[in-house]
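Participant: Next up, start.txt (compact mmCIF, C-alpha atoms and all ligand atoms).
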# COMPACT_ATOMS: atom_id res chain seq x y z
CA MET M 1 40.89 -12.17 -77.10
CA SER M 2 40.39 -15.50 -75.26
CA VAL M 3 42.18 -14.00 -72.27
CA ASP M 4 39.60 -11.23 -72.18
CA ARG M 5 36.80 -13.81 -72.51
CA LEU M 6 38.22 -15.78 -69.57
CA LYS M 7 38.31 -12.62 -67.46
CA GLU M 8 34.73 -11.79 -68.43
CA LEU M 9 33.47 -15.30 -67.60
CA ARG M 10 35.30 -15.30 -64.30
CA SER M 11 33.81 -11.99 -63.32
CA GLN M 12 30.36 -13.43 -64.12
CA VAL M 13 31.17 -16.40 -61.85
CA ASP M 14 32.18 -13.96 -59.12
CA VAL M 15 28.81 -12.24 -59.41
CA VAL M 16 26.95 -15.58 -59.29
CA ASN M 17 29.01 -16.62 -56.24
CA LEU M 18 27.89 -13.54 -54.39
CA LYS M 19 24.28 -14.20 -55.37
CA ILE M 20 24.54 -17.81 -54.12
CA LEU M 21 26.14 -16.53 -50.92
CA ASP M 22 23.30 -14.11 -50.41
CA LEU M 23 20.71 -16.81 -51.13
CA LEU M 24 22.41 -19.28 -48.80
CA ASN M 25 22.28 -16.80 -45.95
CA GLN M 26 18.71 -15.87 -46.82
CA ARG M 27 17.91 -19.59 -46.60
CA ALA M 28 19.80 -19.85 -43.27
CA ARG M 29 17.71 -17.03 -41.82
CA LEU M 30 14.52 -18.81 -42.85
CA VAL M 31 15.81 -22.06 -41.33
CA SER M 32 16.58 -20.20 -38.13
CA ASP M 33 12.99 -18.83 -38.04
CA ILE M 34 11.68 -22.36 -38.65
CA GLY M 35 13.86 -23.50 -35.72
CA HIS M 36 12.19 -20.98 -33.41
CA VAL M 37 8.72 -22.13 -34.47
CA GLN M 38 9.73 -25.80 -34.03
CA ALA M 39 11.09 -25.02 -30.55
CA GLU M 40 7.76 -23.44 -29.62
CA LEU M 41 5.87 -26.43 -30.98
CA GLY M 42 8.30 -28.85 -29.32
CA THR M 43 8.91 -30.67 -32.61
CA SER M 44 12.20 -32.13 -33.82
CA PHE M 45 14.47 -30.07 -36.08
CA TYR M 46 15.30 -33.09 -38.22
CA ASP M 47 12.43 -34.02 -40.52
CA PRO M 48 13.55 -36.68 -43.04
CA GLN M 49 10.24 -36.58 -44.90
CA ARG M 50 10.54 -32.84 -45.51
CA GLU M 51 14.12 -33.35 -46.75
CA ALA M 52 12.97 -36.08 -49.15
CA GLU M 53 10.23 -33.79 -50.51
CA MET M 54 12.70 -30.97 -51.11
CA LEU M 55 15.12 -33.30 -52.92
CA THR M 56 12.31 -34.62 -55.17
CA ALA M 57 11.26 -31.07 -56.05
CA LEU M 58 14.86 -30.22 -56.91
CA GLU M 59 15.19 -33.31 -59.12
CA GLN M 60 11.99 -32.44 -60.96
CA ASN M 61 13.15 -28.90 -61.64
CA ASN M 62 16.75 -29.69 -62.50
CA ASN M 63 17.52 -28.79 -66.13
CA GLY M 64 21.24 -29.53 -65.91
CA PRO M 65 24.05 -29.48 -66.65
CA PHE M 66 24.55 -30.79 -63.10
CA SER M 67 23.20 -34.33 -62.71
CA ASN M 68 20.43 -35.04 -60.19
CA GLU M 69 22.95 -36.90 -58.03
CA THR M 70 25.28 -33.91 -57.93
CA ILE M 71 22.42 -31.52 -57.10
CA LYS M 72 21.20 -33.84 -54.33
CA ALA M 73 24.70 -34.14 -52.86
CA LEU M 74 25.10 -30.34 -52.83
CA PHE M 75 21.72 -29.80 -51.18
CA ARG M 76 22.29 -32.54 -48.61
CA GLU M 77 25.33 -30.53 -47.54
CA ILE M 78 23.15 -27.42 -47.24
CA PHE M 79 20.59 -29.40 -45.18
CA ARG M 80 23.36 -30.62 -42.87
CA ALA M 81 24.64 -27.08 -42.31
CA SER M 82 21.09 -25.87 -41.67
CA LEU M 83 20.41 -28.56 -39.08
CA ALA M 84 23.70 -27.72 -37.35
CA LEU M 85 22.65 -24.05 -37.26
CA GLU M 86 19.26 -24.87 -35.73
CA GLU M 87 20.86 -27.11 -33.10
CA LYS M 88 23.52 -24.52 -32.24
CA GLU M 89 20.89 -21.82 -31.81
CA ALA M 90 18.74 -24.12 -29.66
CA ARG M 91 21.71 -24.94 -27.40
CA ALA M 92 22.62 -21.25 -27.06
CA LYS M 93 19.23 -20.66 -25.48
CA ILE M 94 19.51 -23.23 -22.70
CA LEU M 95 20.26 -21.88 -19.25
CA VAL M 96 23.28 -24.08 -18.51
CA GLN M 97 25.01 -23.01 -21.73
CA ARG M 98 27.98 -20.67 -21.25
CA LYS M 99 27.14 -17.32 -22.81
CA SER M 100 30.59 -15.68 -22.65
CA PRO M 101 34.17 -16.75 -21.76
CA THR M 102 33.86 -15.19 -18.29
CA ASP M 103 30.46 -16.71 -17.55
CA LYS M 104 30.76 -19.09 -14.57
CA THR M 105 28.55 -20.35 -11.79
CA ILE M 106 30.22 -20.22 -8.40
CA ILE M 107 28.60 -22.35 -5.72
CA ARG M 108 28.77 -20.55 -2.38
CA LEU M 109 28.31 -22.61 0.77
CA PRO M 110 26.99 -20.92 3.94
CA ASP M 111 30.44 -20.12 5.42
CA GLY M 112 31.69 -18.62 2.15
CA THR M 113 33.41 -21.75 0.82
CA GLU M 114 33.28 -21.58 -2.97
CA ILE M 115 33.20 -24.29 -5.63
CA GLY M 116 33.91 -23.28 -9.21
CA ASN M 117 36.11 -20.28 -8.48
CA GLU M 118 39.80 -20.97 -9.25
CA HIS M 119 40.38 -23.03 -6.08
CA PHE M 120 40.55 -26.79 -6.82
CA THR M 121 37.93 -28.47 -4.61
CA VAL M 122 38.40 -31.97 -3.23
CA ILE M 123 35.20 -33.82 -2.32
CA ALA M 124 35.97 -37.01 -0.47
CA GLY M 125 34.77 -39.70 1.88
CA SER M 126 33.84 -43.34 2.00
CA CYS M 127 31.70 -44.98 -0.62
CA ALA M 128 29.05 -45.59 2.04
CA VAL M 129 28.40 -44.74 5.67
CA VAL M 130 28.71 -47.96 7.67
CA SER M 131 29.55 -46.89 11.24
CA PHE M 132 30.32 -43.83 13.32
CA GLU M 133 33.88 -45.07 13.95
CA GLN M 134 34.61 -45.44 10.22
CA MET M 135 33.17 -42.02 9.38
CA ASP M 136 34.94 -40.41 12.31
CA MET M 137 38.34 -41.70 11.20
CA VAL M 138 37.73 -40.55 7.63
CA GLY M 139 36.28 -37.20 8.74
CA ALA M 140 39.33 -36.45 10.90
CA ALA M 141 41.68 -37.25 8.01
CA LEU M 142 39.72 -35.14 5.54
CA ALA M 143 39.49 -32.16 7.88
CA GLU M 144 43.25 -32.35 8.46
CA ARG M 145 43.75 -31.79 4.72
CA GLY M 146 41.24 -28.97 4.46
CA VAL M 147 38.47 -30.94 2.73
CA ARG M 148 35.15 -29.15 3.25
CA VAL M 149 32.66 -31.42 1.48
CA MET M 150 32.37 -34.99 2.75
CA ARG M 151 30.53 -37.92 1.17
CA GLY M 152 27.87 -39.19 3.56
CA MET M 153 26.19 -41.83 1.43
CA ALA M 154 23.27 -43.62 3.07
CA PHE M 155 21.38 -44.84 -0.01
CA LYS M 156 23.49 -46.98 -2.31
CA PRO M 157 22.34 -47.82 -5.83
CA ARG M 158 23.73 -51.36 -6.20
CA THR M 159 23.64 -53.64 -9.22
CA SER M 160 22.37 -56.56 -7.15
CA PRO M 161 19.41 -56.15 -4.79
CA TYR M 162 21.21 -58.58 -2.44
CA ASP M 163 24.21 -56.27 -1.95
CA PHE M 164 24.51 -53.72 0.86
CA GLN M 165 22.01 -50.95 0.11
CA GLY M 166 23.19 -48.35 2.65
CA LEU M 167 22.08 -47.56 6.20
CA GLY M 168 19.32 -45.12 5.24
CA GLU M 169 18.42 -42.37 7.71
CA PRO M 170 20.65 -43.72 10.54
CA GLY M 171 23.57 -43.35 8.09
CA LEU M 172 22.63 -39.74 7.42
CA LYS M 173 22.58 -39.08 11.18
CA ILE M 174 26.13 -40.41 11.48
CA ALA M 175 27.32 -38.34 8.51
CA ARG M 176 25.77 -35.18 9.99
CA GLN M 177 27.32 -35.79 13.40
CA VAL M 178 30.80 -36.31 11.93
CA ALA M 179 30.51 -33.34 9.58
CA ASN M 180 29.46 -31.12 12.49
CA LYS M 181 32.38 -32.37 14.58
CA TYR M 182 34.91 -31.47 11.85
CA ASN M 183 33.14 -28.42 10.44
CA MET M 184 32.42 -29.98 7.06
CA TYR M 185 29.47 -30.15 4.68
CA VAL M 186 27.65 -33.39 3.88
CA THR M 187 26.77 -34.48 0.39
CA SER M 188 24.55 -37.52 0.00
CA GLU M 189 22.89 -39.41 -2.81
CA ILE M 190 19.16 -39.10 -3.25
CA MET M 191 17.38 -41.79 -5.24
CA ASP M 192 13.78 -40.61 -5.19
CA LYS M 193 12.04 -37.28 -4.78
CA SER M 194 10.06 -38.67 -1.82
CA GLN M 195 13.35 -38.54 0.17
CA ILE M 196 13.86 -34.79 -0.20
CA SER M 197 12.12 -33.65 2.96
CA MET M 198 13.72 -36.25 5.27
CA MET M 199 17.20 -35.78 3.72
CA SER M 200 17.02 -31.98 3.96
CA ASP M 201 17.50 -32.29 7.73
CA TYR M 202 20.96 -33.81 7.23
CA VAL M 203 22.32 -32.89 3.82
CA ASP M 204 24.06 -29.70 2.63
CA ILE M 205 24.45 -30.76 -0.99
CA PHE M 206 22.17 -33.23 -2.73
CA TRP M 207 23.83 -35.79 -4.98
CA VAL M 208 22.24 -37.44 -8.02
CA GLY M 209 24.00 -40.64 -9.04
CA ALA M 210 24.74 -41.79 -12.58
CA ARG M 211 21.74 -44.15 -12.60
CA ASN M 212 19.35 -41.29 -11.92
CA MET M 213 20.78 -38.70 -14.30
CA GLN M 214 17.63 -38.86 -16.40
CA ASN M 215 15.12 -39.21 -13.57
CA SER M 216 13.29 -36.05 -14.60
CA PRO M 217 10.75 -35.99 -11.72
CA LEU M 218 13.70 -36.10 -9.28
CA LEU M 219 15.66 -33.44 -11.21
CA LYS M 220 12.65 -31.13 -11.34
CA ALA M 221 12.01 -31.60 -7.62
CA LEU M 222 15.66 -30.73 -6.88
CA GLY M 223 15.07 -27.51 -8.76
CA GLN M 224 12.95 -26.49 -5.78
CA VAL M 225 15.43 -27.16 -2.94
CA ARG M 226 17.70 -24.55 -1.34
CA GLN M 227 20.77 -26.82 -1.32
CA PRO M 228 23.14 -27.11 -4.31
CA VAL M 229 22.98 -30.32 -6.36
CA ILE M 230 25.82 -32.51 -7.59
CA LEU M 231 24.79 -34.25 -10.80
CA LYS M 232 26.73 -37.23 -12.13
CA ARG M 233 26.95 -38.13 -15.79
CA GLY M 234 24.91 -41.23 -16.71
CA LEU M 235 26.67 -44.49 -17.55
CA SER M 236 26.19 -44.03 -21.28
CA ALA M 237 25.04 -40.44 -21.44
CA THR M 238 26.24 -38.09 -24.15
CA LEU M 239 27.39 -34.65 -23.04
CA GLU M 240 24.28 -33.14 -24.61
CA GLU M 241 22.07 -35.46 -22.53
CA PHE M 242 24.14 -34.59 -19.46
CA LEU M 243 23.67 -30.85 -19.96
CA TYR M 244 19.95 -31.26 -20.62
CA ALA M 245 19.69 -33.20 -17.33
CA ALA M 246 21.33 -30.25 -15.56
CA GLU M 247 18.92 -27.98 -17.43
CA TYR M 248 15.99 -29.76 -15.73
CA ILE M 249 17.32 -28.69 -12.32
CA VAL M 250 18.31 -25.16 -13.31
CA SER M 251 15.12 -24.44 -15.26
CA SER M 252 13.11 -25.66 -12.26
CA GLY M 253 14.67 -22.97 -10.09
CA ASN M 254 17.99 -24.18 -8.66
CA ALA M 255 21.01 -22.56 -10.34
CA ASN M 256 23.55 -24.27 -8.07
CA VAL M 257 24.48 -27.41 -9.96
CA ILE M 258 27.87 -29.13 -10.04
CA LEU M 259 28.59 -31.60 -12.85
CA ILE M 260 30.63 -34.76 -12.23
CA GLU M 261 32.34 -36.72 -14.98
CA ARG M 262 32.53 -40.28 -13.64
CA GLY M 263 33.59 -42.34 -16.63
CA ILE M 264 31.48 -43.92 -19.33
CA ARG M 265 30.78 -47.47 -20.51
CA THR M 266 33.22 -48.60 -23.19
CA PHE M 267 34.68 -51.95 -24.34
CA GLU M 268 37.62 -51.51 -21.94
CA ARG M 269 37.69 -53.94 -19.01
CA TRP M 270 40.86 -52.97 -17.16
CA THR M 271 39.09 -49.97 -15.72
CA ARG M 272 35.55 -50.00 -14.33
CA ASN M 273 34.59 -47.17 -16.69
CA THR M 274 36.58 -45.04 -19.11
CA LEU M 275 37.36 -41.61 -17.68
CA ASP M 276 36.32 -39.20 -20.44
CA ILE M 277 38.74 -36.36 -19.82
CA SER M 278 37.77 -34.58 -23.02
CA ALA M 279 34.29 -34.30 -21.47
CA VAL M 280 35.76 -31.96 -18.85
CA ALA M 281 37.21 -29.66 -21.50
CA ILE M 282 33.97 -29.68 -23.48
CA LEU M 283 31.75 -29.13 -20.44
CA LYS M 284 33.92 -26.19 -19.36
CA LEU M 285 33.63 -24.77 -22.87
CA GLU M 286 29.90 -25.33 -23.32
CA SER M 287 28.63 -24.68 -19.81
CA HIS M 288 29.24 -22.24 -16.96
CA LEU M 289 28.61 -24.91 -14.30
CA PRO M 290 31.51 -26.21 -12.17
CA VAL M 291 32.89 -29.59 -13.30
CA VAL M 292 34.39 -32.19 -10.97
CA VAL M 293 36.18 -35.43 -11.89
CA ASP M 294 35.34 -38.66 -10.04
CA ILE M 295 38.62 -40.56 -10.07
CA SER M 296 37.18 -43.46 -8.06
CA HIS M 297 34.15 -44.77 -9.99
CA SER M 298 35.77 -44.02 -13.34
CA ALA M 299 38.85 -46.14 -12.59
CA GLY M 300 37.36 -48.70 -10.21
CA ARG M 301 40.90 -49.28 -8.87
CA ARG M 302 43.08 -47.40 -6.45
CA ASP M 303 46.45 -48.05 -8.11
CA ILE M 304 45.91 -45.38 -10.78
CA ALA M 305 44.36 -42.77 -8.48
CA LEU M 306 47.46 -40.55 -8.46
CA PRO M 307 47.87 -40.13 -12.24
CA LEU M 308 44.12 -39.63 -12.63
CA ALA M 309 44.12 -36.98 -9.90
CA ARG M 310 46.96 -35.13 -11.65
CA VAL M 311 45.14 -35.32 -14.97
CA ALA M 312 41.90 -34.14 -13.34
CA LYS M 313 43.57 -31.02 -11.98
CA ALA M 314 45.53 -30.35 -15.18
CA SER M 315 42.35 -30.70 -17.27
CA GLY M 316 40.94 -27.46 -15.89
CA ALA M 317 38.29 -29.18 -13.77
CA ASP M 318 37.05 -27.35 -10.69
CA GLY M 319 37.75 -30.28 -8.43
CA LEU M 320 37.92 -34.00 -7.94
CA MET M 321 35.98 -36.60 -6.03
CA VAL M 322 37.73 -39.51 -4.36
CA GLU M 323 36.61 -42.31 -2.07
CA VAL M 324 38.53 -42.82 1.18
CA HIS M 325 38.11 -45.60 3.74
CA PRO M 326 40.07 -46.40 6.93
CA ASN M 327 40.47 -50.00 5.82
CA PRO M 328 39.48 -50.38 2.14
CA PRO M 329 39.70 -54.19 1.83
CA VAL M 330 36.84 -54.61 4.33
CA ALA M 331 34.60 -51.91 2.84
CA MET M 332 30.99 -52.98 2.22
CA SER M 333 31.07 -51.43 -1.26
CA ASP M 334 33.73 -50.42 -3.78
CA ALA M 335 36.56 -52.03 -1.78
CA LYS M 336 38.89 -52.06 -4.82
CA GLN M 337 38.82 -48.36 -5.49
CA GLN M 338 38.72 -46.65 -2.10
CA LEU M 339 41.96 -45.09 -0.88
CA SER M 340 43.35 -45.70 2.58
CA ILE M 341 43.99 -42.60 4.65
CA SER M 342 47.73 -42.68 3.93
CA GLU M 343 47.04 -43.08 0.18
CA PHE M 344 44.65 -40.13 0.39
CA ASN M 345 47.34 -38.02 2.05
CA ALA M 346 49.82 -38.97 -0.68
CA LEU M 347 47.24 -37.96 -3.29
CA MET M 348 46.69 -34.58 -1.63
CA ASP M 349 50.48 -33.98 -1.60
CA GLU M 350 50.63 -34.88 -5.26
CA ILE M 351 47.85 -32.61 -6.49
CA GLU M 352 49.32 -29.67 -4.60
CA LYS M 353 52.28 -29.96 -6.98
CA VAL M 354 50.11 -29.55 -10.07
CA HIS M 355 49.76 -25.90 -11.05
CA VAL M 356 47.25 -24.85 -13.64
CA THR M 357 47.15 -21.43 -15.23
CA PRO M 358 43.50 -20.49 -15.81
C1 LIG M 401 28.83 -42.71 -6.10
O1 LIG M 401 29.54 -41.78 -6.44
O2 LIG M 401 28.53 -42.91 -4.92
C2 LIG M 401 28.30 -43.64 -7.13
C3 LIG M 401 27.46 -44.60 -6.80
O3 LIG M 401 28.77 -43.44 -8.36
P1 LIG M 401 27.96 -43.46 -9.76
O4 LIG M 401 26.60 -42.93 -9.51
O5 LIG M 401 28.79 -42.56 -10.63
O6 LIG M 401 27.99 -44.88 -10.25
MN MN M 402 31.36 -46.00 -4.49
Using the file provided, produce a representation of the structure as structure tokens.

Facilitator:
Amino acid sequence: MSVDRLKELRSQVDVVNLKILDLLNQRARLVSDIGHVQAELGTSFYDPQREAEMLTALEQNNNGPFSNETIKALFREIFRASLALEEKEARAKILVQRKSPTDKTIIRLPDGTEIGNEHFTVIAGSCAVVSFEQMDMVGAALAERGVRVMRGMAFKPRTSPYDFQGLGEPGLKIARQVANKYNMYVTSEIMDKSQISMMSDYVDIFWVGARNMQNSPLLKALGQVRQPVILKRGLSATLEEFLYAAEYIVSSGNANVILIERGIRTFERWTRNTLDISAVAILKLESHLPVVVDISHSAGRRDIALPLARVAKASGADGLMVEVHPNPPVAMSDAKQQLSISEFNALMDEIEKVHVTP
């Protein structure tokens, strides 16, 4: 008898479960519609006041046997899941979000060189352009190893206004001359949108440094240029902020964006920044844009360049960025992290040994 009663009660619970399931999904669909309206209005998905009102209404209507605390805890969980759903749907709509496992942006340079398509790309060069002789020595070494994109930095964002700020346009002229001599492309940091027209005469790929990742007027203006853009992750930027920064460029009309993970600010002092290698895996999962690892500014020291380069390649990144100088100890900036030419050659030998199956 009691066994039959148990069966009967359990089958009633099964029916109620299915009703709750149906109601939960009905609620999720409504939340998703609300999310679309909020996106149109530009309002935030998270509204604590609305949550508080819903919890009060539930308390007032709760006839037990669950206590108000239990009901509130259950509904808070539902609110959390709803917010996650709204955020996931919002992310799925952004242009830089990967829509399918095969979705990838391949950057094609004028001679057919590709970034983001199986081949591991090395972007290299000195921290800053200082003289023709220095750039010529580096350019020759890079060309010898098949590097196609050379750093030609003429505007340096320095912590102190009294430190070397870069040569400006004369530096760009040197970079262009050397790149032409060795059949390479120049990438150079832009700090302000007013520089676009002048820099366009010299630069093949614009470069936005970590300090400017959220300079939205600059990002929007770079959406209008014909050159690809390298965008570095901000010093303390979350991956979501990083992808939204890329979204500014892409939604303004330039689909050719390369992301660079360059280390983030943490409590650690034995490296300049902490290389966030999980960021590479997440960015590759969430976005179709190519991802490059900066092993120089993340570490801030040359003695761990080799292991970081191996890790960068093994992580599934599309390439790495490394600073190279003919005589690093006398460099005007980042002397501790730049590799000498022989160290650069050793690094190139090393990464050739790392094989990654896509
Ligand atoms: C650079 O790569 O030249 C540079 C200044 O690095 P970051 O913007 O990442 O600090
Ligand atoms: Mn540097």

Participant: At a cut-off of 6 Å, using all atoms listed in the file, what residues contact Trp207 (chain M)? Leave out same-chain residues fewer than 4 positions from it and give the result as a ChimeraX atom specification.

Facilitator: /M:188-190,229-230

Participant: Neighbours of ligand MN 402 (chain M) at 8 Å or closer, counting all atoms listed in the file: which residues, as a PyMOL selection string?

Facilitator: chain M and resi 126-128+296-297+323+333-334+337-338

Participant: At a cut-off of 7 Å, can you tabulate as JSON lines every residue of chain M near ligand LIG 401 (chain M) together with its closest atom pair and the distance in Å to one decimal, using all atoms listed in the file and ordering rows by chain then number?

Facilitator:
{"residue": "M:Cys127", "atom": "CA", "partner": "M:LIG401", "partner_atom": "O2", "distance": 5.7}
{"residue": "M:Met153", "atom": "CA", "partner": "M:LIG401", "partner_atom": "O2", "distance": 6.9}
{"residue": "M:Lys156", "atom": "CA", "partner": "M:LIG401", "partner_atom": "C3", "distance": 6.4}
{"residue": "M:Pro157", "atom": "CA", "partner": "M:LIG401", "partner_atom": "C3", "distance": 6.1}
{"residue": "M:Glu189", "atom": "CA", "partner": "M:LIG401", "partner_atom": "O2", "distance": 7.0}
{"residue": "M:Gly209", "atom": "CA", "partner": "M:LIG401", "partner_atom": "O4", "distance": 3.5}
{"residue": "M:Ala210", "atom": "CA", "partner": "M:LIG401", "partner_atom": "O4", "distance": 3.8}
{"residue": "M:Arg211", "atom": "CA", "partner": "M:LIG401", "partner_atom": "O4", "distance": 5.9}
{"residue": "M:Lys232", "atom": "CA", "partner": "M:LIG401", "partner_atom": "O5", "distance": 5.9}
{"residue": "M:Arg262", "atom": "CA", "partner": "M:LIG401", "partner_atom": "O5", "distance": 5.3}
{"residue": "M:His297", "atom": "CA", "partner": "M:LIG401", "partner_atom": "O3", "distance": 5.8}

Participant: Any idea what's packed within 6 Å of Thr274 (chain M), counting only C-alpha atoms, ignoring anything in its chain fewer than 6 positions away? Could you give it as a list in words?

Facilitator: Gly263, Ile264 and Ser298 of chain M

Participant: Do you know which residues are at most 9 Å from Phe120 (chain M) counting only C-alpha atoms, after dropping those on the same chain fewer than 3 positions away, and could you put them as an mmCIF file with C-alpha atoms, in the frame of the given file?

Facilitator:
data_model
loop_
_atom_site.group_PDB
_atom_site.id
_atom_site.type_symbol
_atom_site.label_atom_id
_atom_site.label_comp_id
_atom_site.auth_asym_id
_atom_site.auth_seq_id
_atom_site.Cartn_x
_atom_site.Cartn_y
_atom_site.Cartn_z
ATOM 1 C CA ILE M 115 33.200 -24.290 -5.630
ATOM 2 C CA GLY M 116 33.910 -23.280 -9.210
ATOM 3 C CA ASN M 117 36.110 -20.280 -8.480
ATOM 4 C CA LYS M 313 43.570 -31.020 -11.980
ATOM 5 C CA ALA M 317 38.290 -29.180 -13.770
ATOM 6 C CA ASP M 318 37.050 -27.350 -10.690
ATOM 7 C CA GLY M 319 37.750 -30.280 -8.430
ATOM 8 C CA LEU M 320 37.920 -34.000 -7.940
#

Participant: Residues within 9 Å of Leu347 (chain M), please, as number ranges by chain. Count only C-alpha atoms; anything in the same chain fewer than 6 positions from it doesn't count.

Facilitator: M: 305-306, 309-310

Participant: Closest to Gly139 (chain M) among M:Ser342, M:Gln214, M:Ser236, M:Asn183, using all atoms listed in the file?

Facilitator: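 Of the candidates, the smallest distance to Gly139 (chain M) is held by M:Asn183.
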